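Chemist: The following file, entry_15.cif, comprises mmCIF, C-alpha atoms:
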```cif
data_start
loop_
_atom_site.label_atom_id
_atom_site.label_comp_id
_atom_site.auth_asym_id
_atom_site.auth_seq_id
_atom_site.Cartn_x
_atom_site.Cartn_y
_atom_site.Cartn_z
CA VAL E 1 27.00 -4.86 14.84
CA LEU E 2 23.40 -4.98 16.02
CA CYS E 3 21.47 -1.73 16.25
CA ASN E 4 19.21 -0.83 19.11
CA ASN E 5 15.97 0.02 17.29
CA GLN E 6 14.53 1.72 20.36
CA PHE E 7 17.29 4.31 20.16
CA TYR E 8 16.33 5.18 16.58
CA LEU E 9 12.61 5.28 17.35
CA LYS E 10 13.30 7.95 19.97
CA LEU E 11 14.81 10.14 17.22
CA VAL E 12 11.70 10.14 15.03
CA LYS E 13 9.75 13.43 15.12
CA GLU E 14 7.45 12.94 12.12
CA LEU E 15 5.78 9.74 10.98
CA VAL E 16 3.48 9.37 7.97
CA LEU E 17 1.57 6.09 7.75
CA ASP E 18 -1.04 7.23 5.22
CA ASN E 19 -2.72 4.40 3.30
CA CYS E 20 -1.01 1.67 5.39
CA ARG E 21 -4.26 -0.21 5.82
CA SER E 22 -5.13 -1.88 9.11
CA ASP E 23 -6.81 -5.27 8.74
CA ASP E 24 -8.58 -5.10 12.10
CA GLY E 25 -9.19 -1.35 12.40
CA LYS E 26 -6.60 -0.91 15.14
CA ILE E 27 -3.34 0.98 15.30
CA VAL E 28 -0.53 -1.51 14.72
CA GLY E 29 3.24 -1.12 15.16
CA LEU E 30 3.19 2.20 16.98
CA SER E 31 4.71 2.17 20.46
CA ALA E 32 5.61 4.54 23.28
CA ASP E 33 9.21 4.27 22.02
CA PHE E 34 8.27 7.10 19.63
CA GLU E 35 8.50 9.41 22.65
CA ASN E 36 9.68 12.46 20.64
CA LEU E 37 7.05 12.17 17.91
CA GLU E 38 5.51 15.58 17.16
CA PHE E 39 3.57 14.83 13.96
CA LEU E 40 1.68 11.65 13.13
CA SER E 41 -0.40 11.09 10.02
CA MET E 42 -2.62 8.04 9.66
CA ILE E 43 -4.89 9.10 6.81
CA ASN E 44 -6.98 6.38 5.15
CA VAL E 45 -5.64 3.59 7.36
CA ASN E 46 -9.05 1.96 7.99
CA LEU E 47 -8.97 2.79 11.71
CA LEU E 48 -12.09 2.07 13.75
CA SER E 49 -10.59 3.31 17.00
CA VAL E 50 -7.64 5.09 18.59
CA ALA E 51 -8.01 3.02 21.78
CA ASN E 52 -4.58 1.41 21.54
CA LEU E 53 -2.71 4.60 20.71
CA PRO E 54 0.46 4.64 22.82
CA LYS E 55 1.35 7.55 25.07
CA LEU E 56 2.90 10.21 22.82
CA PRO E 57 3.63 13.13 25.16
CA LYS E 58 5.21 15.41 22.54
CA LEU E 59 2.66 14.85 19.78
CA ARG E 60 1.32 18.21 18.57
CA LYS E 61 -0.36 17.35 15.27
CA LEU E 62 -2.45 14.26 14.51
CA GLU E 63 -4.00 13.56 11.12
CA LEU E 64 -6.72 10.88 11.26
CA SER E 65 -8.87 11.80 8.27
CA ASP E 66 -10.64 9.28 6.05
CA ASN E 67 -10.88 6.47 8.58
CA ARG E 68 -13.94 4.87 10.25
CA ILE E 69 -13.58 6.36 13.73
CA SER E 70 -16.93 7.03 15.41
CA GLY E 71 -15.97 7.58 19.06
CA GLY E 72 -13.55 6.67 21.82
CA LEU E 73 -11.69 9.97 21.58
CA GLU E 74 -11.12 10.25 25.34
CA VAL E 75 -7.85 8.35 24.89
CA LEU E 76 -6.45 11.36 23.00
CA ALA E 77 -6.75 13.61 26.03
CA GLU E 78 -4.90 11.07 28.15
CA LYS E 79 -2.17 9.99 25.75
CA THR E 80 -1.51 13.15 23.71
CA PRO E 81 -1.57 15.99 26.26
CA ASN E 82 0.22 18.49 23.98
CA LEU E 83 -1.99 18.01 20.94
CA VAL E 84 -2.85 21.31 19.24
CA HIS E 85 -4.12 20.10 15.85
CA LEU E 86 -6.42 17.17 15.20
CA ASN E 87 -7.98 16.36 11.83
CA LEU E 88 -10.92 13.95 12.03
CA SER E 89 -12.51 14.78 8.68
CA GLY E 90 -14.01 11.92 6.71
CA ASN E 91 -14.70 9.71 9.73
CA LYS E 92 -17.99 8.26 11.05
CA ILE E 93 -18.64 10.93 13.67
CA LYS E 94 -22.38 11.56 13.70
CA ASP E 95 -22.86 13.68 16.79
CA LEU E 96 -20.86 16.61 18.14
CA SER E 97 -21.12 15.12 21.64
CA THR E 98 -18.58 12.56 20.44
CA LEU E 99 -16.06 15.40 20.64
CA ASP E 100 -16.80 16.19 24.31
CA PRO E 101 -13.71 14.31 25.57
CA LEU E 102 -11.53 16.67 23.53
CA VAL E 103 -12.62 19.68 25.57
CA ILE E 104 -9.98 18.90 28.20
CA LEU E 105 -7.16 18.90 25.64
CA ARG E 106 -4.86 21.76 26.45
CA PRO E 107 -1.29 22.55 25.51
CA GLY E 108 1.20 21.58 28.20
CA PHE E 109 2.24 23.99 30.91
CA HIS E 110 5.53 24.81 29.18
CA SER E 111 3.95 25.36 25.78
CA SER E 112 4.06 28.75 24.08
CA TYR E 113 0.63 28.11 22.55
CA SER E 114 -2.34 29.77 24.18
CA SER E 115 -5.09 27.89 22.38
CA ILE E 116 -5.95 24.58 20.84
CA ALA E 117 -7.56 24.22 17.46
CA ILE E 118 -9.48 21.13 16.54
CA MET E 119 -10.32 20.92 12.88
CA LEU E 120 -13.24 18.78 11.99
CA SER E 121 -15.07 18.33 8.73
CA ILE E 122 -18.34 16.42 8.73
CA TYR E 123 -20.21 15.76 5.51
CA CYS E 124 -18.20 18.32 3.52
CA SER E 125 -18.82 21.16 5.96
CA CYS E 126 -15.92 22.46 7.99
CA LEU E 127 -16.26 23.22 11.65
CA PHE E 128 -13.50 24.86 13.61
CA LEU E 129 -13.66 24.70 17.36
CA MET E 130 -11.36 27.10 19.11
CA GLU E 131 -10.91 26.93 22.83
CA THR E 132 -8.88 29.86 24.07
CA PHE E 133 -7.73 30.48 27.58
#
```
Go through the file and emit its structure as structure tokens.
Modeler:
Amino acid sequence: VLCNNQFYLKLVKELVLDNCRSDDGKIVGLSADFENLEFLSMINVNLLSVANLPKLPKLRKLELSDNRISGGLEVLAEKTPNLVHLNLSGNKIKDLSTLDPLVILRPGFHSSYSSIAIMLSIYCSCLFLMETF
């Protein structure tokens, strides 16, 4: 009996891909079939970009620490509309203006959360940005 892998991907709520190194700095193997994914960890994956991140409408927590990301964060606002926690520590972010696209991140209309926290650590100093509405 053959299994429909797409069915099983829809059941996944948490996915940890830490240390699964990317040869070209891109996200590989992640698709929109993970439509119920709420937590994704890609720590130390050698990512240069999140440009090819699929639409993950239920994603709430994203761990991207210890990669080589330096920009292109606008895709997160478009593809992860319910994101409430983002860890970008240990990346190549040199200027706070790189985070400007994240300002429009807000929990979805039906969310019980009233704020979004973005955790960022640059050069061993922690910065917490809290946007409350």
Chemist: Do a neighbour search on segment 30-44 of chain E at 6 Å with all atoms listed in the file, toss out local chain neighbours closer than 5 positions, and write the hits as a PyMOL selection string.
Modeler: chain E and resi 9-10+12-19+54-56+58-67
Chemist: By how many Å are atom CA of Asn5 of chain E and atom CA of Ile27 of chain E apart?
Modeler: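 Here the two named atoms are 19.4 Å from each other.
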Chemist: Please indicate the distance in Å from atom CA of Lys94 of chain E to atom CA of Asn82 of chain E, rounded to one decimal place.
Modeler: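 Answer for the atom CA of Lys94 of chain E to atom CA of Asn82 of chain E separation: 25.8 Å.
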Chemist: Would you pick out the contacts of Lys26 of chain E at 12 Å or less, using all atoms listed in the file, so that residues sharing its chain but fewer than 2 positions from it are not included, and give the list as a list of chain:residue names?
Modeler: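 The contact residues come out as E:Cys20, E:Arg21, E:Ser22, E:Asp23, E:Asp24, E:Val28, E:Gly29, E:Leu30, E:Met42, E:Val45, E:Asn46, E:Leu47, E:Leu48, E:Ser49, E:Val50, E:Ala51, E:Asn52, E:Leu53, E:Pro54, E:Asn67, E:Arg68, E:Ile69.
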Chemist: Output the selection as a PDB file, keeping the file's coordinate frame - C-alpha atoms for each residue.
Modeler:
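Final output, out-v2.pdb:
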```
ATOM      1  CA  CYS E  20      -1.010   1.670   5.390  1.00  0.00           C
ATOM      2  CA  ARG E  21      -4.260  -0.210   5.820  1.00  0.00           C
ATOM      3  CA  SER E  22      -5.130  -1.880   9.110  1.00  0.00           C
ATOM      4  CA  ASP E  23      -6.810  -5.270   8.740  1.00  0.00           C
ATOM      5  CA  ASP E  24      -8.580  -5.100  12.100  1.00  0.00           C
ATOM      6  CA  VAL E  28      -0.530  -1.510  14.720  1.00  0.00           C
ATOM      7  CA  GLY E  29       3.240  -1.120  15.160  1.00  0.00           C
ATOM      8  CA  LEU E  30       3.190   2.200  16.980  1.00  0.00           C
ATOM      9  CA  MET E  42      -2.620   8.040   9.660  1.00  0.00           C
ATOM     10  CA  VAL E  45      -5.640   3.590   7.360  1.00  0.00           C
ATOM     11  CA  ASN E  46      -9.050   1.960   7.990  1.00  0.00           C
ATOM     12  CA  LEU E  47      -8.970   2.790  11.710  1.00  0.00           C
ATOM     13  CA  LEU E  48     -12.090   2.070  13.750  1.00  0.00           C
ATOM     14  CA  SER E  49     -10.590   3.310  17.000  1.00  0.00           C
ATOM     15  CA  VAL E  50      -7.640   5.090  18.590  1.00  0.00           C
ATOM     16  CA  ALA E  51      -8.010   3.020  21.780  1.00  0.00           C
ATOM     17  CA  ASN E  52      -4.580   1.410  21.540  1.00  0.00           C
ATOM     18  CA  LEU E  53      -2.710   4.600  20.710  1.00  0.00           C
ATOM     19  CA  PRO E  54       0.460   4.640  22.820  1.00  0.00           C
ATOM     20  CA  ASN E  67     -10.880   6.470   8.580  1.00  0.00           C
ATOM     21  CA  ARG E  68     -13.940   4.870  10.250  1.00  0.00           C
ATOM     22  CA  ILE E  69     -13.580   6.360  13.730  1.00  0.00           C
TER      23      ILE E  69
END
```
Chemist: So the first atom is atom CA of Asp100 of chain E and the second is atom CA of Gly25 of chain E; what is the distance between them in Å, to one decimal place?
Modeler: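 It comes out at 22.5 Å.
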Chemist: Choose the residue, out of E:Pro57, E:Val75, E:Leu83, E:Ser70, that has the smallest atom-to-atom separation from Asp95 of chain E; count all atoms listed in the file.
Modeler: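 Among the listed residues, the smallest separation from Asp95 of chain E belongs to E:Ser70.
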Chemist: Would you write out, as an mmCIF file with C-alpha atoms, in the frame of the given file, every residue that the PyMOL selection byres ((chain E and resi 97) around 12) captures in this file?
Modeler:
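As written to disk, result-v5.cif reads:
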```cif
data_model
loop_
_atom_site.group_PDB
_atom_site.id
_atom_site.type_symbol
_atom_site.label_atom_id
_atom_site.label_comp_id
_atom_site.auth_asym_id
_atom_site.auth_seq_id
_atom_site.Cartn_x
_atom_site.Cartn_y
_atom_site.Cartn_z
ATOM 1 C CA SER E 70 -16.930 7.030 15.410
ATOM 2 C CA GLY E 71 -15.970 7.580 19.060
ATOM 3 C CA GLY E 72 -13.550 6.670 21.820
ATOM 4 C CA LEU E 73 -11.690 9.970 21.580
ATOM 5 C CA GLU E 74 -11.120 10.250 25.340
ATOM 6 C CA ILE E 93 -18.640 10.930 13.670
ATOM 7 C CA LYS E 94 -22.380 11.560 13.700
ATOM 8 C CA ASP E 95 -22.860 13.680 16.790
ATOM 9 C CA LEU E 96 -20.860 16.610 18.140
ATOM 10 C CA THR E 98 -18.580 12.560 20.440
ATOM 11 C CA LEU E 99 -16.060 15.400 20.640
ATOM 12 C CA ASP E 100 -16.800 16.190 24.310
ATOM 13 C CA PRO E 101 -13.710 14.310 25.570
ATOM 14 C CA LEU E 102 -11.530 16.670 23.530
ATOM 15 C CA VAL E 103 -12.620 19.680 25.570
#
```
Chemist: For the structure just given, write the atoms of segment 52-74 of chain E, namely N, CA and C atoms, as a tab-separated table (two decimals), in the first residue's frame.
Modeler:
```tsv
chain	number	residue	atom	x	y	z
E	52	ASN	N	13.09	31.59	-0.31
E	52	ASN	CA	12.26	30.50	-0.84
E	52	ASN	C	11.49	29.76	0.26
E	53	LEU	N	11.28	30.43	1.37
E	53	LEU	CA	10.43	29.86	2.42
E	53	LEU	C	9.01	29.72	1.88
E	54	PRO	N	8.40	28.55	2.03
E	54	PRO	CA	7.03	28.40	1.55
E	54	PRO	C	6.04	29.12	2.46
E	55	LYS	N	4.84	29.29	2.00
E	55	LYS	CA	3.80	29.90	2.82
E	55	LYS	C	3.47	28.93	3.95
E	56	LEU	N	3.62	29.42	5.19
E	56	LEU	CA	3.35	28.63	6.39
E	56	LEU	C	2.40	29.43	7.27
E	57	PRO	N	1.11	29.41	6.96
E	57	PRO	CA	0.15	30.30	7.60
E	57	PRO	C	-0.04	30.10	9.10
E	58	LYS	N	0.29	28.93	9.63
E	58	LYS	CA	0.09	28.68	11.06
E	58	LYS	C	1.38	28.77	11.86
E	59	LEU	N	2.49	29.08	11.21
E	59	LEU	CA	3.77	29.15	11.90
E	59	LEU	C	3.75	30.27	12.93
E	60	ARG	N	4.11	29.93	14.17
E	60	ARG	CA	4.10	30.91	15.26
E	60	ARG	C	5.51	31.17	15.78
E	61	LYS	N	6.38	30.17	15.67
E	61	LYS	CA	7.73	30.32	16.21
E	61	LYS	C	8.74	29.84	15.17
E	62	LEU	N	9.73	30.70	14.89
E	62	LEU	CA	10.75	30.40	13.89
E	62	LEU	C	12.13	30.67	14.47
E	63	GLU	N	12.93	29.63	14.52
E	63	GLU	CA	14.30	29.72	15.03
E	63	GLU	C	15.26	29.69	13.85
E	64	LEU	N	15.98	30.79	13.63
E	64	LEU	CA	16.92	30.89	12.51
E	64	LEU	C	18.31	31.31	12.98
E	65	SER	N	18.64	31.05	14.22
E	65	SER	CA	19.92	31.51	14.74
E	65	SER	C	21.10	30.77	14.12
E	66	ASP	N	22.24	31.42	14.17
E	66	ASP	CA	23.52	30.86	13.71
E	66	ASP	C	23.51	30.46	12.24
E	67	ASN	N	22.98	31.35	11.42
E	67	ASN	CA	23.03	31.19	9.97
E	67	ASN	C	23.83	32.36	9.40
E	68	ARG	N	23.66	32.67	8.14
E	68	ARG	CA	24.38	33.77	7.49
E	68	ARG	C	23.42	34.75	6.84
E	69	ILE	N	22.23	34.87	7.40
E	69	ILE	CA	21.19	35.75	6.86
E	69	ILE	C	21.58	37.20	7.12
E	70	SER	N	21.49	38.04	6.08
E	70	SER	CA	21.82	39.45	6.25
E	70	SER	C	20.69	40.38	5.82
E	71	GLY	N	19.63	39.83	5.25
E	71	GLY	CA	18.52	40.65	4.79
E	71	GLY	C	17.44	39.79	4.16
E	72	GLY	N	16.56	40.45	3.41
E	72	GLY	CA	15.50	39.73	2.72
E	72	GLY	C	14.41	39.22	3.63
E	73	LEU	N	14.19	39.90	4.75
E	73	LEU	CA	13.23	39.42	5.74
E	73	LEU	C	11.78	39.75	5.41
E	74	GLU	N	11.56	40.54	4.35
E	74	GLU	CA	10.18	40.89	3.98
E	74	GLU	C	9.35	39.66	3.64
```
